[in-house]
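Structure file start.pdb with PDB, C-alpha atoms and all ligand atoms:
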ATOM      1  CA  MET A   1     -38.385 -21.599  14.935  1.00  0.00           C
ATOM      2  CA  ALA A   2     -34.793 -22.791  15.250  1.00  0.00           C
ATOM      3  CA  TRP A   3     -33.472 -20.273  12.729  1.00  0.00           C
ATOM      4  CA  ALA A   4     -34.815 -17.345  14.755  1.00  0.00           C
ATOM      5  CA  ALA A   5     -33.043 -18.502  17.896  1.00  0.00           C
ATOM      6  CA  GLU A   6     -29.839 -19.016  15.941  1.00  0.00           C
ATOM      7  CA  THR A   7     -30.058 -15.545  14.382  1.00  0.00           C
ATOM      8  CA  LEU A   8     -30.647 -13.905  17.753  1.00  0.00           C
ATOM      9  CA  PHE A   9     -27.757 -15.826  19.261  1.00  0.00           C
ATOM     10  CA  LEU A  10     -25.319 -14.792  16.533  1.00  0.00           C
ATOM     11  CA  MET A  11     -26.168 -11.113  16.099  1.00  0.00           C
ATOM     12  CA  ALA A  12     -24.445  -8.834  18.574  1.00  0.00           C
ATOM     13  CA  PRO A  13     -26.330  -5.559  19.161  1.00  0.00           C
ATOM     14  CA  PRO A  14     -24.810  -2.444  17.550  1.00  0.00           C
ATOM     15  CA  LEU A  15     -21.991  -0.979  19.620  1.00  0.00           C
ATOM     16  CA  LEU A  16     -20.945   2.684  19.386  1.00  0.00           C
ATOM     17  CA  VAL A  17     -17.149   2.952  19.450  1.00  0.00           C
ATOM     18  CA  THR A  18     -15.240   6.233  19.854  1.00  0.00           C
ATOM     19  CA  PHE A  19     -11.568   6.522  18.905  1.00  0.00           C
ATOM     20  CA  ALA A  20      -9.924   9.563  20.518  1.00  0.00           C
ATOM     21  CA  ALA A  21      -6.352  10.588  19.704  1.00  0.00           C
ATOM     22  CA  GLY A  22      -4.505  12.813  22.152  1.00  0.00           C
ATOM     23  CA  LEU A  23      -2.322  12.471  25.213  1.00  0.00           C
ATOM     24  CA  SER A  24      -3.999   9.464  26.853  1.00  0.00           C
ATOM     25  CA  GLY A  25      -5.134   5.939  26.003  1.00  0.00           C
ATOM     26  CA  VAL A  26      -3.682   2.433  26.197  1.00  0.00           C
ATOM     27  CA  TRP A  27      -2.531   2.511  22.558  1.00  0.00           C
ATOM     28  CA  ARG A  28       0.659   4.360  21.622  1.00  0.00           C
ATOM     29  CA  ILE A  29       0.459   5.793  18.090  1.00  0.00           C
ATOM     30  CA  ASP A  30       3.511   4.628  16.133  1.00  0.00           C
ATOM     31  CA  ARG A  31       2.624   6.276  12.827  1.00  0.00           C
ATOM     32  CA  ILE A  32      -0.194   7.959  10.912  1.00  0.00           C
ATOM     33  CA  GLU A  33       0.122   7.648   7.143  1.00  0.00           C
ATOM     34  CA  ALA A  34      -2.281   9.175   4.634  1.00  0.00           C
ATOM     35  CA  VAL A  35      -2.598   6.465   1.950  1.00  0.00           C
ATOM     36  CA  ILE A  36      -5.149   8.337  -0.197  1.00  0.00           C
ATOM     37  CA  GLY A  37      -6.608  11.800   0.441  1.00  0.00           C
ATOM     38  CA  SER A  38      -5.989  14.118   3.353  1.00  0.00           C
ATOM     39  CA  GLY A  39      -4.454  12.856   6.601  1.00  0.00           C
ATOM     40  CA  LEU A  40      -5.103  13.326  10.312  1.00  0.00           C
ATOM     41  CA  LEU A  41      -3.061  15.341  12.812  1.00  0.00           C
ATOM     42  CA  PRO A  42      -0.304  13.502  14.677  1.00  0.00           C
ATOM     43  CA  ALA A  43      -0.921  12.494  18.293  1.00  0.00           C
ATOM     44  CA  ALA A  44       0.816  10.401  20.971  1.00  0.00           C
ATOM     45  CA  ARG A  45      -1.940   8.080  22.202  1.00  0.00           C
ATOM     46  CA  LEU A  46      -5.255   6.579  21.161  1.00  0.00           C
ATOM     47  CA  ALA A  47      -8.093   5.803  23.565  1.00  0.00           C
ATOM     48  CA  VAL A  48     -10.937   3.511  22.494  1.00  0.00           C
ATOM     49  CA  PHE A  49     -14.318   3.970  24.208  1.00  0.00           C
ATOM     50  CA  GLU A  50     -17.007   1.326  23.777  1.00  0.00           C
ATOM     51  CA  GLY A  51     -20.599   2.377  24.397  1.00  0.00           C
ATOM     52  CA  SER A  52     -21.277   5.521  26.373  1.00  0.00           C
ATOM     53  CA  GLY A  53     -17.687   6.574  27.208  1.00  0.00           C
ATOM     54  CA  HIS A  54     -16.893  10.182  26.339  1.00  0.00           C
ATOM     55  CA  PRO A  55     -13.397  11.382  25.487  1.00  0.00           C
ATOM     56  CA  GLY A  56     -11.954  14.469  27.149  1.00  0.00           C
ATOM     57  CA  PRO A  57      -9.905  16.980  25.160  1.00  0.00           C
ATOM     58  CA  ALA A  58      -8.582  15.277  22.007  1.00  0.00           C
ATOM     59  CA  THR A  59      -6.570  16.053  18.873  1.00  0.00           C
ATOM     60  CA  TRP A  60      -9.203  14.224  16.832  1.00  0.00           C
ATOM     61  CA  VAL A  61     -12.171  11.959  17.497  1.00  0.00           C
ATOM     62  CA  LEU A  62     -13.720   9.386  15.146  1.00  0.00           C
ATOM     63  CA  ARG A  63     -16.921   7.477  15.874  1.00  0.00           C
ATOM     64  CA  GLY A  64     -18.406   4.384  14.316  1.00  0.00           C
ATOM     65  CA  VAL A  65     -20.919   1.707  15.084  1.00  0.00           C
ATOM     66  CA  THR A  66     -20.760  -2.045  14.643  1.00  0.00           C
ATOM     67  CA  SER A  67     -23.554  -3.334  12.445  1.00  0.00           C
ATOM     68  CA  ASN A  68     -25.022  -6.279  10.595  1.00  0.00           C
ATOM     69  CA  THR A  69     -23.122  -7.628   7.620  1.00  0.00           C
ATOM     70  CA  ARG A  70     -24.003  -6.425   4.098  1.00  0.00           C
ATOM     71  CA  TYR A  71     -22.196  -8.716   1.680  1.00  0.00           C
ATOM     72  CA  THR A  72     -21.162 -11.865   3.520  1.00  0.00           C
ATOM     73  CA  GLN A  73     -22.932 -15.069   2.445  1.00  0.00           C
ATOM     74  CA  ARG A  74     -23.906 -17.907   4.795  1.00  0.00           C
ATOM     75  CA  GLN A  75     -20.955 -20.150   4.064  1.00  0.00           C
ATOM     76  CA  GLU A  76     -18.550 -17.217   4.459  1.00  0.00           C
ATOM     77  CA  LEU A  77     -20.162 -16.245   7.765  1.00  0.00           C
ATOM     78  CA  ASP A  78     -19.767 -19.805   9.026  1.00  0.00           C
ATOM     79  CA  THR A  79     -16.109 -19.946   7.972  1.00  0.00           C
ATOM     80  CA  LEU A  80     -15.423 -16.556   9.587  1.00  0.00           C
ATOM     81  CA  ALA A  81     -17.112 -17.718  12.791  1.00  0.00           C
ATOM     82  CA  THR A  82     -14.839 -20.750  13.032  1.00  0.00           C
ATOM     83  CA  ARG A  83     -11.631 -18.820  12.306  1.00  0.00           C
ATOM     84  CA  GLN A  84     -11.877 -15.316  13.730  1.00  0.00           C
ATOM     85  CA  GLU A  85     -10.783 -14.511  17.253  1.00  0.00           C
ATOM     86  CA  ALA A  86     -11.976 -11.845  19.664  1.00  0.00           C
ATOM     87  CA  LEU A  87     -10.285  -8.500  20.255  1.00  0.00           C
ATOM     88  CA  GLY A  88      -8.187  -8.010  23.385  1.00  0.00           C
ATOM     89  CA  ARG A  89      -5.940 -11.086  23.160  1.00  0.00           C
ATOM     90  CA  PRO A  90      -2.969 -10.397  25.512  1.00  0.00           C
ATOM     91  CA  HIS A  91      -0.355 -11.348  22.883  1.00  0.00           C
ATOM     92  CA  ALA A  92      -1.922  -9.125  20.196  1.00  0.00           C
ATOM     93  CA  THR A  93      -0.067  -5.973  21.228  1.00  0.00           C
ATOM     94  CA  ARG A  94      -0.086  -4.348  17.780  1.00  0.00           C
ATOM     95  CA  ALA A  95      -3.126  -2.727  16.190  1.00  0.00           C
ATOM     96  CA  ALA A  96      -4.160  -0.858  13.075  1.00  0.00           C
ATOM     97  CA  LEU A  97      -6.966   1.683  12.806  1.00  0.00           C
ATOM     98  CA  ILE A  98      -7.660   2.287   9.116  1.00  0.00           C
ATOM     99  CA  PRO A  99     -10.430   4.831   8.432  1.00  0.00           C
ATOM    100  CA  ILE A 100     -11.766   4.526   4.878  1.00  0.00           C
ATOM    101  CA  ARG A 101     -14.112   6.557   2.684  1.00  0.00           C
ATOM    102  CA  LYS A 102     -15.505   5.246  -0.603  1.00  0.00           C
ATOM    103  CA  THR A 103     -16.435   7.261  -3.684  1.00  0.00           C
ATOM    104  CA  ASP A 104     -19.843   8.494  -4.755  1.00  0.00           C
ATOM    105  CA  ALA A 105     -19.545   6.027  -7.673  1.00  0.00           C
ATOM    106  CA  TRP A 106     -19.380   3.145  -5.155  1.00  0.00           C
ATOM    107  CA  TRP A 107     -22.440   4.318  -3.268  1.00  0.00           C
ATOM    108  CA  ALA A 108     -24.349   4.789  -6.535  1.00  0.00           C
ATOM    109  CA  LEU A 109     -23.980   1.052  -7.310  1.00  0.00           C
ATOM    110  CA  ALA A 110     -26.645  -1.513  -6.498  1.00  0.00           C
ATOM    111  CA  GLN A 111     -26.019  -4.051  -3.740  1.00  0.00           C
ATOM    112  CA  ASP A 112     -25.417  -6.903  -6.219  1.00  0.00           C
ATOM    113  CA  GLU A 113     -22.913  -4.790  -8.169  1.00  0.00           C
ATOM    114  CA  ARG A 114     -21.013  -3.948  -4.967  1.00  0.00           C
ATOM    115  CA  ARG A 115     -20.937  -7.607  -3.894  1.00  0.00           C
ATOM    116  CA  ALA A 116     -19.566  -8.570  -7.332  1.00  0.00           C
ATOM    117  CA  ILE A 117     -16.693  -6.084  -6.959  1.00  0.00           C
ATOM    118  CA  PHE A 118     -16.113  -6.748  -3.234  1.00  0.00           C
ATOM    119  CA  GLU A 119     -15.934 -10.533  -3.321  1.00  0.00           C
ATOM    120  CA  ASP A 120     -16.422 -12.086  -6.782  1.00  0.00           C
ATOM    121  CA  ARG A 121     -13.688  -9.950  -8.366  1.00  0.00           C
ATOM    122  CA  SER A 122     -11.626  -8.576  -5.431  1.00  0.00           C
ATOM    123  CA  ARG A 123     -11.922 -11.612  -3.100  1.00  0.00           C
ATOM    124  CA  HIS A 124     -11.867  -9.397  -0.009  1.00  0.00           C
ATOM    125  CA  ILE A 125     -13.226 -12.143   2.258  1.00  0.00           C
ATOM    126  CA  GLY A 126     -11.253 -14.932   0.560  1.00  0.00           C
ATOM    127  CA  VAL A 127      -7.976 -13.031   0.918  1.00  0.00           C
ATOM    128  CA  GLY A 128      -8.806 -11.832   4.443  1.00  0.00           C
ATOM    129  CA  LEU A 129      -9.543 -15.356   5.649  1.00  0.00           C
ATOM    130  CA  GLU A 130      -5.949 -16.367   4.847  1.00  0.00           C
ATOM    131  CA  TYR A 131      -4.797 -14.063   7.665  1.00  0.00           C
ATOM    132  CA  LEU A 132      -7.108 -15.441  10.353  1.00  0.00           C
ATOM    133  CA  PRO A 133      -6.811 -16.210  13.229  1.00  0.00           C
ATOM    134  CA  ALA A 134      -3.538 -14.219  13.438  1.00  0.00           C
ATOM    135  CA  VAL A 135      -5.441 -10.973  12.833  1.00  0.00           C
ATOM    136  CA  ALA A 136      -8.544 -10.123  14.888  1.00  0.00           C
ATOM    137  CA  ARG A 137     -10.839  -7.515  13.357  1.00  0.00           C
ATOM    138  CA  ARG A 138     -13.847  -5.296  13.923  1.00  0.00           C
ATOM    139  CA  LEU A 139     -15.627  -3.178  11.326  1.00  0.00           C
ATOM    140  CA  HIS A 140     -17.371   0.061  12.341  1.00  0.00           C
ATOM    141  CA  HIS A 141     -19.759   1.908  10.026  1.00  0.00           C
ATOM    142  CA  CYS A 142     -19.956   5.713  10.141  1.00  0.00           C
ATOM    143  CA  ARG A 143     -21.331   6.924   6.798  1.00  0.00           C
ATOM    144  CA  ASP A 144     -24.764   7.515   8.328  1.00  0.00           C
ATOM    145  CA  LEU A 145     -23.355   9.318  11.381  1.00  0.00           C
ATOM    146  CA  GLY A 146     -22.180  12.362   9.400  1.00  0.00           C
ATOM    147  CA  GLU A 147     -18.543  11.413  10.028  1.00  0.00           C
ATOM    148  CA  PRO A 148     -15.670  12.163   7.609  1.00  0.00           C
ATOM    149  CA  PHE A 149     -15.207   8.431   6.814  1.00  0.00           C
ATOM    150  CA  ASP A 150     -17.551   5.620   5.789  1.00  0.00           C
ATOM    151  CA  PHE A 151     -15.757   2.908   7.799  1.00  0.00           C
ATOM    152  CA  LEU A 152     -13.362   2.631  10.708  1.00  0.00           C
ATOM    153  CA  THR A 153     -11.581  -0.692  10.387  1.00  0.00           C
ATOM    154  CA  TRP A 154      -9.719  -2.044  13.452  1.00  0.00           C
ATOM    155  CA  PHE A 155      -7.251  -4.943  13.577  1.00  0.00           C
ATOM    156  CA  GLU A 156      -5.159  -6.523  16.364  1.00  0.00           C
ATOM    157  CA  TYR A 157      -2.207  -8.880  15.872  1.00  0.00           C
ATOM    158  CA  ALA A 158       1.017 -10.054  17.527  1.00  0.00           C
ATOM    159  CA  PRO A 159       4.353  -8.372  16.632  1.00  0.00           C
ATOM    160  CA  GLU A 160       5.451 -11.529  14.768  1.00  0.00           C
ATOM    161  CA  ASP A 161       2.399 -11.218  12.471  1.00  0.00           C
ATOM    162  CA  ALA A 162       3.125  -7.588  11.518  1.00  0.00           C
ATOM    163  CA  GLY A 163       4.730  -8.694   8.228  1.00  0.00           C
ATOM    164  CA  ALA A 164       1.712 -10.784   7.286  1.00  0.00           C
ATOM    165  CA  PHE A 165      -0.571  -7.835   8.045  1.00  0.00           C
ATOM    166  CA  GLU A 166       1.502  -5.586   5.736  1.00  0.00           C
ATOM    167  CA  GLU A 167       1.119  -8.189   2.988  1.00  0.00           C
ATOM    168  CA  LEU A 168      -2.658  -8.294   3.559  1.00  0.00           C
ATOM    169  CA  VAL A 169      -3.142  -4.526   3.227  1.00  0.00           C
ATOM    170  CA  ARG A 170      -0.864  -4.485   0.164  1.00  0.00           C
ATOM    171  CA  ARG A 171      -2.958  -7.191  -1.520  1.00  0.00           C
ATOM    172  CA  LEU A 172      -6.274  -5.516  -0.718  1.00  0.00           C
ATOM    173  CA  ARG A 173      -5.060  -2.129  -1.994  1.00  0.00           C
ATOM    174  CA  GLN A 174      -4.350  -3.701  -5.404  1.00  0.00           C
ATOM    175  CA  THR A 175      -7.943  -4.891  -5.860  1.00  0.00           C
ATOM    176  CA  GLU A 176     -10.757  -3.451  -7.941  1.00  0.00           C
ATOM    177  CA  GLU A 177     -12.592  -2.638  -4.688  1.00  0.00           C
ATOM    178  CA  TRP A 178      -9.851  -0.173  -3.718  1.00  0.00           C
ATOM    179  CA  ARG A 179     -10.388   1.848  -6.920  1.00  0.00           C
ATOM    180  CA  TYR A 180     -13.486   3.075  -5.095  1.00  0.00           C
ATOM    181  CA  VAL A 181     -11.544   4.255  -2.020  1.00  0.00           C
ATOM    182  CA  ASP A 182     -10.903   8.000  -2.083  1.00  0.00           C
ATOM    183  CA  ARG A 183      -9.668   8.539   1.468  1.00  0.00           C
ATOM    184  CA  GLU A 184      -7.671   6.077   3.559  1.00  0.00           C
ATOM    185  CA  ILE A 185      -5.423   6.649   6.556  1.00  0.00           C
ATOM    186  CA  ASP A 186      -3.250   3.925   8.027  1.00  0.00           C
ATOM    187  CA  ILE A 187      -2.731   4.359  11.776  1.00  0.00           C
ATOM    188  CA  ARG A 188      -0.479   1.838  13.535  1.00  0.00           C
ATOM    189  CA  LEU A 189      -0.411   1.308  17.268  1.00  0.00           C
ATOM    190  CA  THR A 190       1.291  -0.589  20.063  1.00  0.00           C
ATOM    191  CA  ARG A 191      -0.393  -1.392  23.366  1.00  0.00           C
ATOM    192  CA  ALA A 192       1.567   0.610  25.925  1.00  0.00           C
TER     193      ALA A 192
HETATM  194  C1  LIG B 201      -8.068  -9.585   8.506  1.00  0.00           C
HETATM  195  C2  LIG B 201      -8.655 -10.094   7.437  1.00  0.00           C
HETATM  196  C3  LIG B 201      -9.942  -9.514   6.924  1.00  0.00           C
HETATM  197  C4  LIG B 201     -11.120 -10.172   6.845  1.00  0.00           C
HETATM  198  C5  LIG B 201     -11.379 -11.627   7.210  1.00  0.00           C
HETATM  199  C6  LIG B 201     -12.096  -9.229   6.359  1.00  0.00           C
HETATM  200  C7  LIG B 201     -13.423  -9.520   6.168  1.00  0.00           C
HETATM  201  C8  LIG B 201     -14.390  -8.608   5.836  1.00  0.00           C
HETATM  202  C9  LIG B 201     -15.777  -8.909   5.666  1.00  0.00           C
HETATM  203  C10 LIG B 201     -16.416 -10.278   5.860  1.00  0.00           C
HETATM  204  C11 LIG B 201     -16.402  -7.768   5.328  1.00  0.00           C
HETATM  205  C12 LIG B 201     -17.858  -7.612   4.902  1.00  0.00           C
HETATM  206  C13 LIG B 201     -18.810  -7.347   5.992  1.00  0.00           C
HETATM  207  C14 LIG B 201     -20.197  -7.260   5.362  1.00  0.00           C
HETATM  208  O1  LIG B 201     -20.685  -8.286   4.835  1.00  0.00           O
HETATM  209  O2  LIG B 201     -20.791  -6.168   5.405  1.00  0.00           O
HETATM  210  C15 LIG B 201     -15.408  -6.717   5.307  1.00  0.00           C
HETATM  211  C16 LIG B 201     -15.668  -5.403   5.024  1.00  0.00           C
HETATM  212  C17 LIG B 201     -14.725  -4.423   4.985  1.00  0.00           C
HETATM  213  N1  LIG B 201     -13.371  -4.564   5.197  1.00  0.00           N
HETATM  214 FE1  LIG B 201     -12.406  -6.301   5.571  1.00  0.00          FE
HETATM  215  N2  LIG B 201     -11.490  -8.021   6.128  1.00  0.00           N
HETATM  216  C18 LIG B 201     -10.171  -8.153   6.466  1.00  0.00           C
HETATM  217  C19 LIG B 201      -9.199  -7.170   6.359  1.00  0.00           C
HETATM  218  C20 LIG B 201      -9.430  -5.866   5.975  1.00  0.00           C
HETATM  219  C21 LIG B 201      -8.409  -4.848   5.900  1.00  0.00           C
HETATM  220  C22 LIG B 201      -6.917  -5.061   6.211  1.00  0.00           C
HETATM  221  C23 LIG B 201      -9.041  -3.693   5.535  1.00  0.00           C
HETATM  222  C24 LIG B 201      -8.453  -2.319   5.320  1.00  0.00           C
HETATM  223  C25 LIG B 201      -7.230  -2.099   4.876  1.00  0.00           C
HETATM  224  C26 LIG B 201     -10.448  -3.991   5.403  1.00  0.00           C
HETATM  225  C27 LIG B 201     -11.428  -3.080   5.095  1.00  0.00           C
HETATM  226  C28 LIG B 201     -12.774  -3.359   5.015  1.00  0.00           C
HETATM  227  C29 LIG B 201     -13.785  -2.366   4.692  1.00  0.00           C
HETATM  228  C30 LIG B 201     -13.564  -0.894   4.423  1.00  0.00           C
HETATM  229  C31 LIG B 201     -15.002  -3.037   4.678  1.00  0.00           C
HETATM  230  C32 LIG B 201     -16.361  -2.437   4.368  1.00  0.00           C
HETATM  231  C33 LIG B 201     -16.602  -2.593   2.877  1.00  0.00           C
HETATM  232  C34 LIG B 201     -17.955  -2.056   2.447  1.00  0.00           C
HETATM  233  O3  LIG B 201     -18.956  -2.311   3.142  1.00  0.00           O
HETATM  234  O4  LIG B 201     -17.991  -1.412   1.397  1.00  0.00           O
HETATM  235  N3  LIG B 201     -10.642  -5.330   5.663  1.00  0.00           N
HETATM  236  N4  LIG B 201     -14.194  -7.271   5.604  1.00  0.00           N
END
Can you give me the file's structure in the form of structure tokens?
Ligand code: HEM
Amino acid sequence: MAWAAETLFLMAPPLLVTFAAGLSGVWRIDRIEAVIGSGLLPAARLAVFEGSGHPGPATWVLRGVTSNTRYTQRQELDTLATRQEALGRPHATRAALIPIRKTDAWWALAQDERRAIFEDRSRHIGVGLEYLPAVARRLHHCRDLGEPFDFLTWFEYAPEDAGAFEELVRRLRQTEEWRYVDREIDIRLTRA
């Protein structure tokens, strides 16, 4: 059963990740901008806990969990695997944490309808791939955790790729997919 071994090898187990904004953490918060909907309180630092770590006193805390993919097709997964790099690269000293919530209309759609908007018409993966390997990414799901957002998206890149990252978010925000986003906050960070 070669496919079973391959599937087990590729699928990382879900990882709970806690983002705590306050006075401590390796990431300095450069700006917090409410793109759509209500914002988050300002803070100086962001700490990221993977697994069982618990934050102390914090201005705000967001939690999400890594998960299996929903929309990505085999060929896209293979292309992503060859191009995307891991988090924590020493030169990638800039980061973005972009919490996103989608509308009830989005969640009322069927899976095939969401895929058609997400990739066939908005080309989220196709556009995103153009910015790899400069940008490393990790998607956290939180809709089922009772959190205020549906997703916590995390990106790391080098200072010289900051312009390219701005272009990427600008392009994605113009897509049909983004018409279904009703809360989005853009948090930019520098590793201190
Ligand atoms: C760096 C290039 C990027 C690539 C290669 C990329 C790729 C992907 C892929 C493959 C998925 C689908 C995962 C699945 O099948 O479930 C996804 C989902 C998602 N991405 Fe990106 N992405 C990129 C940048 C971004 C940016 C900049 C944002 C935010 C501004 C973003 C927000 C999201 C969100 C919210 C989802 C979840 C969509 C949903 O399940 O409804 N992505 N991305």
Output check: residues returned by the PyMOL selection byres (((chain A and resi 128-141) around 9) and not hetatm), as a PyMOL selection string = chain A and resi 15-17+63-67+79-80+83-89+92+123-127+142-145+149-158+161+164-165+168+172
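The set of residues that the PyMOL selection byres (((chain A and resi 50) around 9) and not hetatm) takes from this file is Leu15, Leu16, Val17, Thr18, Phe19, Val48, Phe49, Gly51, Ser52 and Gly53 of chain A.
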task = Find the residues near Phe118 in chain A: any atom within 10 Å, counting all atoms listed in the file, skip ones fewer than 6 places away on the same chain, and give them as a list in words.
result = Tyr71, Thr72, Asp112, His124, Ile125, Thr175, Glu176, Glu177 and Trp178 of chain A
Gap from CA of Arg115 in chain A to CA of Arg188 in chain A - Å, one decimal =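 We find that CA of Arg115 in chain A and CA of Arg188 in chain A lie 28.5 Å from each other.
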inquiry  = Can you measure CA of Asp78 in chain A to atom C9 of ligand LIG 201 (chain B) for me? One decimal in Å is fine.
reply    =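 That distance, rounded to one decimal, is 12.1 Å.
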message = From the options A:Ser24, A:Pro42, A:Pro159, A:Arg171, which residue's atoms come nearest to Pro90 in chain A, counting only C-alpha atoms?
response = A:Pro159
ask   = Just how far from CA of Lys102 in chain A is CA of Gln73 in chain A, in Å to one decimal?
value =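 For CA of Gln73 in chain A relative to CA of Lys102 in chain A, the distance reads 21.8 Å.
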Using the file's own x, y and z axes, so that the box edges lie along x, y and z, what centre and edge lengths in Å (one decimal) does a box around every listed atom of ligand LIG 201 (chain B) get when 6 Å is added on each side? Give it as lines of an AutoDock Vina configuration file.
center_x = -13.9
center_y = -6.3
center_z = 5.0
size_x = 25.9
size_y = 22.7
size_z = 19.1
Quick check on the file I pasted: which residues fall under the PyMOL selection byres (((chain A and resi 183) around 10) and not hetatm)? Write them as a compact mmCIF listing (two decimals) with C-alpha atoms, in the frame of the given file.
# COMPACT_ATOMS: atom_id res chain seq x y z
CA ALA A 34 -2.28 9.18 4.63
CA VAL A 35 -2.60 6.46 1.95
CA ILE A 36 -5.15 8.34 -0.20
CA GLY A 37 -6.61 11.80 0.44
CA SER A 38 -5.99 14.12 3.35
CA GLY A 39 -4.45 12.86 6.60
CA PRO A 99 -10.43 4.83 8.43
CA ILE A 100 -11.77 4.53 4.88
CA ARG A 101 -14.11 6.56 2.68
CA LYS A 102 -15.50 5.25 -0.60
CA THR A 103 -16.43 7.26 -3.68
CA PRO A 148 -15.67 12.16 7.61
CA PHE A 149 -15.21 8.43 6.81
CA ASP A 150 -17.55 5.62 5.79
CA TYR A 180 -13.49 3.08 -5.10
CA VAL A 181 -11.54 4.26 -2.02
CA ASP A 182 -10.90 8.00 -2.08
CA GLU A 184 -7.67 6.08 3.56
CA ILE A 185 -5.42 6.65 6.56
Generate the missing atoms of range 84-98 of chain A up to N, CA, C and O atoms and report them as an mmCIF file, keeping the file's coordinate frame.
data_model
loop_
_atom_site.group_PDB
_atom_site.id
_atom_site.type_symbol
_atom_site.label_atom_id
_atom_site.label_comp_id
_atom_site.auth_asym_id
_atom_site.auth_seq_id
_atom_site.Cartn_x
_atom_site.Cartn_y
_atom_site.Cartn_z
ATOM 1 N N GLN A 84 -12.297 -16.619 13.197
ATOM 2 C CA GLN A 84 -11.877 -15.316 13.730
ATOM 3 C C GLN A 84 -11.893 -15.305 15.252
ATOM 4 O O GLN A 84 -12.731 -15.917 15.886
ATOM 5 N N GLU A 85 -10.913 -14.588 15.808
ATOM 6 C CA GLU A 85 -10.783 -14.511 17.253
ATOM 7 C C GLU A 85 -11.225 -13.137 17.753
ATOM 8 O O GLU A 85 -11.316 -12.183 16.992
ATOM 9 N N ALA A 86 -11.473 -13.082 19.061
ATOM 10 C CA ALA A 86 -11.976 -11.845 19.664
ATOM 11 C C ALA A 86 -10.863 -10.814 19.808
ATOM 12 O O ALA A 86 -9.680 -11.149 19.805
ATOM 13 N N LEU A 87 -11.256 -9.555 19.953
ATOM 14 C CA LEU A 87 -10.285 -8.500 20.255
ATOM 15 C C LEU A 87 -9.792 -8.687 21.689
ATOM 16 O O LEU A 87 -10.410 -9.389 22.481
ATOM 17 N N GLY A 88 -8.672 -8.039 22.002
ATOM 18 C CA GLY A 88 -8.187 -8.010 23.385
ATOM 19 C C GLY A 88 -7.320 -9.184 23.780
ATOM 20 O O GLY A 88 -7.069 -9.383 24.966
ATOM 21 N N ARG A 89 -6.837 -9.984 22.797
ATOM 22 C CA ARG A 89 -5.940 -11.086 23.160
ATOM 23 C C ARG A 89 -4.643 -10.494 23.727
ATOM 24 O O ARG A 89 -4.062 -9.585 23.114
ATOM 25 N N PRO A 90 -4.153 -10.998 24.874
ATOM 26 C CA PRO A 90 -2.969 -10.397 25.512
ATOM 27 C C PRO A 90 -1.753 -10.337 24.588
ATOM 28 O O PRO A 90 -0.991 -9.369 24.633
ATOM 29 N N HIS A 91 -1.547 -11.354 23.732
ATOM 30 C CA HIS A 91 -0.355 -11.348 22.883
ATOM 31 C C HIS A 91 -0.491 -10.424 21.674
ATOM 32 O O HIS A 91 0.504 -10.115 21.015
ATOM 33 N N ALA A 92 -1.701 -9.988 21.368
ATOM 34 C CA ALA A 92 -1.922 -9.125 20.196
ATOM 35 C C ALA A 92 -1.695 -7.674 20.607
ATOM 36 O O ALA A 92 -2.636 -6.904 20.828
ATOM 37 N N THR A 93 -0.423 -7.294 20.697
ATOM 38 C CA THR A 93 -0.067 -5.973 21.228
ATOM 39 C C THR A 93 0.074 -4.912 20.140
ATOM 40 O O THR A 93 0.376 -3.768 20.428
ATOM 41 N N ARG A 94 -0.105 -5.316 18.881
ATOM 42 C CA ARG A 94 -0.086 -4.348 17.780
ATOM 43 C C ARG A 94 -1.510 -4.170 17.251
ATOM 44 O O ARG A 94 -2.296 -5.126 17.290
ATOM 45 N N ALA A 95 -1.795 -2.974 16.758
ATOM 46 C CA ALA A 95 -3.126 -2.727 16.190
ATOM 47 C C ALA A 95 -3.020 -1.784 15.007
ATOM 48 O O ALA A 95 -2.008 -1.079 14.846
ATOM 49 N N ALA A 96 -4.045 -1.811 14.176
ATOM 50 C CA ALA A 96 -4.160 -0.858 13.075
ATOM 51 C C ALA A 96 -5.581 -0.306 13.085
ATOM 52 O O ALA A 96 -6.548 -1.067 13.202
ATOM 53 N N LEU A 97 -5.674 1.014 13.017
ATOM 54 C CA LEU A 97 -6.966 1.683 12.806
ATOM 55 C C LEU A 97 -6.877 2.288 11.416
ATOM 56 O O LEU A 97 -6.001 3.129 11.164
ATOM 57 N N ILE A 98 -7.723 1.812 10.498
ATOM 58 C CA ILE A 98 -7.660 2.287 9.116
ATOM 59 C C ILE A 98 -9.024 2.866 8.723
ATOM 60 O O ILE A 98 -9.932 2.126 8.337
#
